[in-house]
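Have a look at the structure below before the remarks.
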Amino acid sequence: MPEADDLALISDAANGAGDIARRFFGGTFKRWNKGKGEPVTEADLAIDQFLRKTLTAARPGYGWLSEESADNEERKAARRTFVVDPIDGTIAFLKSKPHFSHAIAIVEDGRPVAAVVLNPITKECFRAKAGHGATLNGEPAHPSLRHSVEGCRMLAPKALFEHPAWSSAPNVPWPPMHVEQRNSIAYRLGLVGAGIFDAAISLSSKHDWDLAAGDLIVQESGGRMTDHEGKILRYNGPQPIQRSMIAAGPYLHPLLVERTRRLRLPER
């Protein structure tokens with residue numbers, strides 16, 4: 001069955017995307033804005049075109065969902081769907097910072113079954129297949145086993161934890177933590193799955209292509225990833241948007257959800 005080779009297929013495709021990204025990275029290229037705070041470059045579109053042509057030619061029965069492609073009804077009827085972000089972290093790419101990635105997932109019945117997140121500059125390649133674990137550059141990846149929020153290594157905007165709402169009951173202020181940011185959500189999730197950081201949080205809406213690949217990497221590494229209420233994320237729905245994300249090791253994750261589950265965030 002072709003599904004047996006799906007991880008190899010998307011891994012090869014990610015490497016090809018990395019070749020394209022490195023040709024553009026740090027150079028001059030066309031850029032424009034799709035909307036407020038939504039930059040796009042000719043590199044995004046070149047990689048999207050390459051991935052779509054490569055992947056759909058190899059799996060013509062699979063659906064296609066990508067940040068840089070128009071949505072289509074066919075993906076909703078497909079048994080398996082490619083969920084792709086050609087360049088996750090375009091702002092970092094524009095600034096010549098190595099904090100972007102290529103994110104490719106294959107989703108079946110609402111959940112990712114194969115995933116690759118590749119940072120083509122640092123050459124960190126996170127991979128996962130449902131039921132077979134996760135790897136970083138071919139070595140088994142495992143999450144942090146940290147048991148406490150205080151002092152944890154967190155990937156998120158610092159402003160998130162400084163909002164005055166955390167001081168209003170039933171919310172509680174966050175303890176001191178080591179907080180860093182990476183523009184690419186998928187890259188953040190790979191770093192959590194590999195235990196390089198303890199957790200990642202987003203309390204604003206994100207698209208399926210931001211999260212699906214990293215979700216499988218976190219879960220298969222032994223970590224946990226849910227929304228802020230502790231619910232498993234379902235992908236490739238009619239509206240491919242998720243309202244929040246909490247990813248961490250198995251002991252830290254429930255402590256983070258306990259702090260966030262009372263929040264009333266906008267519906268998708």
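Chain identifiers are assigned as A, B, and so on, following the order in which chains appear in the structure tokens; residues are numbered from 1 within each chain, and ligands are numbered from 1 in order of appearance.
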Neighbour list for segment 208-211 of chain A as JSON, numbers by chain, cut-off 9 Å, only C-alpha atoms, skip fewer than 4 positions in-chain: {"A": [65, 66, 67, 83, 84, 85, 88, 103, 104, 105, 184, 185, 186, 189, 215, 216, 234, 235, 236, 240, 241, 242, 245]}
Atoms kept (C-alpha atoms) for selection, written as a compact mmCIF listing (two decimals), in the first residue's frame:
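As a result, selection32.txt now contains:
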# COMPACT_ATOMS: atom_id res chain seq x y z
CA LEU A 65 -4.78 21.99 2.12
CA SER A 66 -2.06 24.63 2.13
CA GLU A 67 -1.63 28.16 3.40
CA VAL A 83 -1.84 19.68 5.20
CA VAL A 84 1.07 21.95 4.31
CA ASP A 85 2.71 25.21 5.30
CA ASP A 88 5.91 28.56 8.47
CA ALA A 103 5.59 21.72 7.78
CA ILE A 104 3.94 18.77 6.02
CA ALA A 105 1.34 16.47 7.56
CA SER A 184 7.35 29.19 13.23
CA ILE A 185 4.67 27.42 15.30
CA ALA A 186 5.60 24.09 13.71
CA LEU A 189 6.32 22.12 18.41
CA ASP A 215 0.92 17.88 16.77
CA LEU A 216 1.88 14.39 15.64
CA ARG A 234 -9.27 17.72 14.90
CA TYR A 235 -7.97 18.72 11.48
CA ASN A 236 -9.22 19.08 7.91
CA PRO A 240 -9.38 24.57 9.17
CA ILE A 241 -8.76 26.80 12.19
CA GLN A 242 -7.93 25.96 15.82
CA MET A 245 -2.83 25.17 21.51
Selection: 12 Å around Asn137 of chain A, only C-alpha atoms, excl. self and same-chain fewer than 3 positions, as number ranges by chain: A: 11, 116-120, 122-128, 134, 140-141, 190, 194
Can those selected residues be exported to a file as a compact mmCIF listing (two decimals), in the first residue's frame so that it contains N, CA and C atoms?
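Result went into selection.txt, see below:
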# COMPACT_ATOMS: atom_id res chain seq x y z
N SER A 11 9.06 13.34 3.55
CA SER A 11 10.42 13.70 3.97
C SER A 11 11.25 14.15 2.77
N VAL A 116 6.29 15.79 8.94
CA VAL A 116 7.67 16.27 8.88
C VAL A 116 7.68 17.77 9.14
N VAL A 117 8.59 18.21 9.99
CA VAL A 117 8.88 19.63 10.17
C VAL A 117 10.38 19.78 9.96
N LEU A 118 10.76 20.55 8.95
CA LEU A 118 12.17 20.73 8.61
C LEU A 118 12.55 22.19 8.71
N ASN A 119 13.58 22.47 9.51
CA ASN A 119 14.23 23.78 9.49
C ASN A 119 15.42 23.65 8.54
N PRO A 120 15.32 24.23 7.34
CA PRO A 120 16.36 23.99 6.34
C PRO A 120 17.67 24.72 6.60
N THR A 122 18.98 25.41 10.02
CA THR A 122 19.65 24.71 11.12
C THR A 122 19.78 23.21 10.84
N LYS A 123 19.09 22.74 9.80
CA LYS A 123 19.09 21.33 9.40
C LYS A 123 18.56 20.42 10.50
N GLU A 124 17.56 20.90 11.21
CA GLU A 124 16.84 20.07 12.17
C GLU A 124 15.61 19.50 11.46
N CYS A 125 15.51 18.18 11.43
CA CYS A 125 14.39 17.52 10.77
C CYS A 125 13.65 16.66 11.79
N PHE A 126 12.42 17.07 12.09
CA PHE A 126 11.55 16.34 13.03
C PHE A 126 10.58 15.51 12.20
N ARG A 127 10.46 14.22 12.53
CA ARG A 127 9.57 13.35 11.76
C ARG A 127 8.76 12.48 12.72
N ALA A 128 7.58 12.08 12.28
CA ALA A 128 6.75 11.19 13.10
C ALA A 128 5.79 10.42 12.21
N ALA A 134 8.59 9.43 17.28
CA ALA A 134 9.08 10.64 16.60
C ALA A 134 10.61 10.67 16.66
N PRO A 140 15.69 9.01 18.17
CA PRO A 140 14.41 9.10 18.87
C PRO A 140 14.27 10.43 19.62
N ALA A 141 13.10 11.03 19.49
CA ALA A 141 12.81 12.30 20.16
C ALA A 141 11.88 12.05 21.33
N GLY A 190 8.17 21.10 17.21
CA GLY A 190 9.27 20.15 17.08
C GLY A 190 10.24 20.25 18.24
N ALA A 194 11.12 17.29 21.00
CA ALA A 194 12.49 16.81 21.21
C ALA A 194 13.04 17.16 22.59
Every residue of segment 13-257 of chain A that DSSP places in strand (DSSP E), as a PyMOL selection string: chain A and resi 31-35+38-41+63-66+80-88+101-108+111-119+124-129+134-136+139-140+153-155+178-180+199-202+206-207+224-226+241-242+245-248
Shell around Ala21 of chain A at 12 Å using only C-alpha atoms, local window under 6 positions removed, as an mmCIF file with N, CA and C atoms, in the first residue's frame:
data_model
loop_
_atom_site.group_PDB
_atom_site.id
_atom_site.type_symbol
_atom_site.label_atom_id
_atom_site.label_comp_id
_atom_site.auth_asym_id
_atom_site.auth_seq_id
_atom_site.Cartn_x
_atom_site.Cartn_y
_atom_site.Cartn_z
ATOM 1 N N ALA A 14 10.032 17.561 1.718
ATOM 2 C CA ALA A 14 10.510 18.616 2.613
ATOM 3 C C ALA A 14 11.958 18.975 2.293
ATOM 4 N N ASN A 15 12.771 17.978 1.993
ATOM 5 C CA ASN A 15 14.165 18.261 1.630
ATOM 6 C C ASN A 15 14.241 19.087 0.344
ATOM 7 N N GLY A 27 18.753 36.520 0.471
ATOM 8 C CA GLY A 27 18.941 37.233 -0.790
ATOM 9 C C GLY A 27 17.827 38.230 -1.052
ATOM 10 N N PHE A 29 14.278 39.031 -3.098
ATOM 11 C CA PHE A 29 13.146 38.339 -3.713
ATOM 12 C C PHE A 29 11.905 39.204 -3.542
ATOM 13 N N THR A 41 6.081 35.708 0.234
ATOM 14 C CA THR A 41 7.194 35.957 -0.683
ATOM 15 C C THR A 41 7.107 35.011 -1.875
ATOM 16 N N GLU A 42 7.920 35.317 -2.889
ATOM 17 C CA GLU A 42 7.944 34.414 -4.029
ATOM 18 C C GLU A 42 8.511 33.045 -3.630
ATOM 19 N N ALA A 43 9.284 33.000 -2.558
ATOM 20 C CA ALA A 43 9.777 31.710 -2.075
ATOM 21 C C ALA A 43 8.631 30.863 -1.544
ATOM 22 N N ASP A 44 7.700 31.463 -0.788
ATOM 23 C CA ASP A 44 6.526 30.730 -0.306
ATOM 24 C C ASP A 44 5.788 30.071 -1.468
ATOM 25 N N LEU A 45 5.571 30.856 -2.520
ATOM 26 C CA LEU A 45 4.783 30.356 -3.640
ATOM 27 C C LEU A 45 5.557 29.312 -4.451
ATOM 28 N N ALA A 46 6.858 29.497 -4.593
ATOM 29 C CA ALA A 46 7.662 28.516 -5.320
ATOM 30 C C ALA A 46 7.660 27.177 -4.582
ATOM 31 N N ILE A 47 7.780 27.228 -3.262
ATOM 32 C CA ILE A 47 7.783 25.994 -2.474
ATOM 33 C C ILE A 47 6.406 25.340 -2.485
ATOM 34 N N ASP A 48 5.354 26.164 -2.381
ATOM 35 C CA ASP A 48 3.999 25.614 -2.433
ATOM 36 C C ASP A 48 3.762 24.892 -3.754
ATOM 37 N N PHE A 50 6.011 23.607 -5.782
ATOM 38 C CA PHE A 50 6.835 22.395 -5.820
ATOM 39 C C PHE A 50 6.193 21.275 -5.004
ATOM 40 N N PRO A 86 4.102 25.873 3.399
ATOM 41 C CA PRO A 86 5.362 25.899 2.638
ATOM 42 C C PRO A 86 6.495 26.575 3.405
ATOM 43 N N ILE A 87 6.214 27.749 3.990
ATOM 44 C CA ILE A 87 7.162 28.396 4.907
ATOM 45 C C ILE A 87 6.365 28.845 6.122
ATOM 46 N N ASP A 88 6.538 28.151 7.212
ATOM 47 C CA ASP A 88 5.915 28.555 8.472
ATOM 48 C C ASP A 88 6.927 29.436 9.197
ATOM 49 N N THR A 90 7.232 33.029 7.952
ATOM 50 C CA THR A 90 7.697 33.875 6.848
ATOM 51 C C THR A 90 8.369 35.155 7.343
ATOM 52 N N PHE A 93 11.870 34.370 7.933
ATOM 53 C CA PHE A 93 12.513 34.199 6.635
ATOM 54 C C PHE A 93 12.849 35.552 6.023
ATOM 55 N N LEU A 94 11.912 36.500 6.110
ATOM 56 C CA LEU A 94 12.145 37.840 5.577
ATOM 57 C C LEU A 94 13.302 38.547 6.272
ATOM 58 N N SER A 96 15.880 37.089 7.535
ATOM 59 C CA SER A 96 17.073 36.223 7.451
ATOM 60 C C SER A 96 17.410 35.588 8.798
ATOM 61 N N PRO A 98 16.962 32.165 11.214
ATOM 62 C CA PRO A 98 16.730 30.736 10.973
ATOM 63 C C PRO A 98 15.640 30.147 11.860
ATOM 64 N N PHE A 100 12.340 29.543 10.824
ATOM 65 C CA PHE A 100 11.203 29.147 10.009
ATOM 66 C C PHE A 100 11.324 27.664 9.675
ATOM 67 N N SER A 101 10.273 27.107 9.113
ATOM 68 C CA SER A 101 10.310 25.683 8.799
ATOM 69 C C SER A 101 9.344 25.355 7.676
ATOM 70 N N HIS A 102 9.498 24.177 7.127
ATOM 71 C CA HIS A 102 8.525 23.589 6.215
ATOM 72 C C HIS A 102 7.745 22.552 7.019
ATOM 73 N N LEU A 118 10.762 20.550 8.954
ATOM 74 C CA LEU A 118 12.174 20.729 8.609
ATOM 75 C C LEU A 118 12.552 22.193 8.715
ATOM 76 N N ASN A 119 13.584 22.468 9.510
ATOM 77 C CA ASN A 119 14.227 23.784 9.485
ATOM 78 C C ASN A 119 15.417 23.651 8.541
ATOM 79 N N PRO A 120 15.322 24.234 7.343
ATOM 80 C CA PRO A 120 16.361 23.987 6.344
ATOM 81 C C PRO A 120 17.673 24.721 6.602
ATOM 82 N N ILE A 121 17.662 25.678 7.521
ATOM 83 C CA ILE A 121 18.881 26.428 7.820
ATOM 84 C C ILE A 121 19.665 25.757 8.946
#
Residue with smallest distance to Leu255 of chain A - pool A:Ala78, A:Ala70, A:Ala114, A:Cys152, counting only C-alpha atoms: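 Of A:Ala78, A:Ala70, A:Ala114, A:Cys152, the one nearest Leu255 of chain A, counting only C-alpha atoms, is A:Cys152.
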Segment 126-261 of chain A: residues DSSP assigns to alpha helix (DSSP H), reported as a PyMOL selection string: chain A and resi 158-162+185-193+208-221+252-260
Atom CA of Trp166 of chain A to atom CA of His228 of chain A, straight-line distance in Å: 14.5 Å
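Atom CA of Pro143 of chain A sits 27.8 Å away from atom CA of His163 of chain A.
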Shell of 10 Å around Gly195 of chain A, only C-alpha atoms, local chain residues under 5 positions omitted, as a ChimeraX atom specification: /A:141-146,153,189-190,218,221,223,248-249
Nearest candidate to Gly89 of chain A (options A:Phe161, A:Ile20, A:Asn183, A:Gly26; using only C-alpha atoms): A:Asn183
Distance query Lys158 of chain A at most 10 Å, only C-alpha atoms, self and fewer than 2 positions along chain excluded, as a list of chain:residue names: A:Met154, A:Leu155, A:Ala156, A:Leu160, A:Phe161, A:Glu162, A:His163, A:Met177, A:His178, A:Val179, A:Glu180, A:Gln181
Selection near Ala169 of chain A, 12 Å with only C-alpha atoms, sequence-local residues under 3 positions removed, as a ChimeraX atom specification: /A:164-166,172-173,259,262-263
Would you save the residues of that selection, restricted to N, CA and C atoms, as a PDB file, in the first residue's frame?
ATOM      1  N   PRO A 164      -2.782  41.644  32.181  1.00  0.00           N
ATOM      2  CA  PRO A 164      -3.350  41.853  33.520  1.00  0.00           C
ATOM      3  C   PRO A 164      -4.475  40.895  33.881  1.00  0.00           C
ATOM      4  N   ALA A 165      -5.090  40.256  32.886  1.00  0.00           N
ATOM      5  CA  ALA A 165      -6.189  39.329  33.179  1.00  0.00           C
ATOM      6  C   ALA A 165      -5.748  38.152  34.035  1.00  0.00           C
ATOM      7  N   TRP A 166      -4.465  37.806  33.988  1.00  0.00           N
ATOM      8  CA  TRP A 166      -3.996  36.678  34.796  1.00  0.00           C
ATOM      9  C   TRP A 166      -4.064  36.978  36.287  1.00  0.00           C
ATOM     10  N   VAL A 172      -4.694  32.899  37.727  1.00  0.00           N
ATOM     11  CA  VAL A 172      -3.590  33.147  38.655  1.00  0.00           C
ATOM     12  C   VAL A 172      -2.373  33.595  37.859  1.00  0.00           C
ATOM     13  N   PRO A 173      -1.565  34.510  38.411  1.00  0.00           N
ATOM     14  CA  PRO A 173      -0.371  34.982  37.687  1.00  0.00           C
ATOM     15  C   PRO A 173       0.595  33.838  37.388  1.00  0.00           C
ATOM     16  N   ARG A 259      -4.223  26.026  34.196  1.00  0.00           N
ATOM     17  CA  ARG A 259      -4.130  27.489  34.244  1.00  0.00           C
ATOM     18  C   ARG A 259      -4.938  28.175  33.142  1.00  0.00           C
ATOM     19  N   ARG A 262     -10.058  27.851  32.042  1.00  0.00           N
ATOM     20  CA  ARG A 262     -11.179  28.724  32.396  1.00  0.00           C
ATOM     21  C   ARG A 262     -11.324  29.910  31.444  1.00  0.00           C
ATOM     22  N   LEU A 263     -10.352  30.106  30.567  1.00  0.00           N
ATOM     23  CA  LEU A 263     -10.419  31.235  29.641  1.00  0.00           C
ATOM     24  C   LEU A 263     -11.562  31.036  28.643  1.00  0.00           C
TER      25      LEU A 263
END
Interatomic distance (Å, one decimal) between atom CA of Gly16 of chain A and atom CA of Pro39 of chain A: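 Answer for the atom CA of Gly16 of chain A to atom CA of Pro39 of chain A separation: 22.4 Å.
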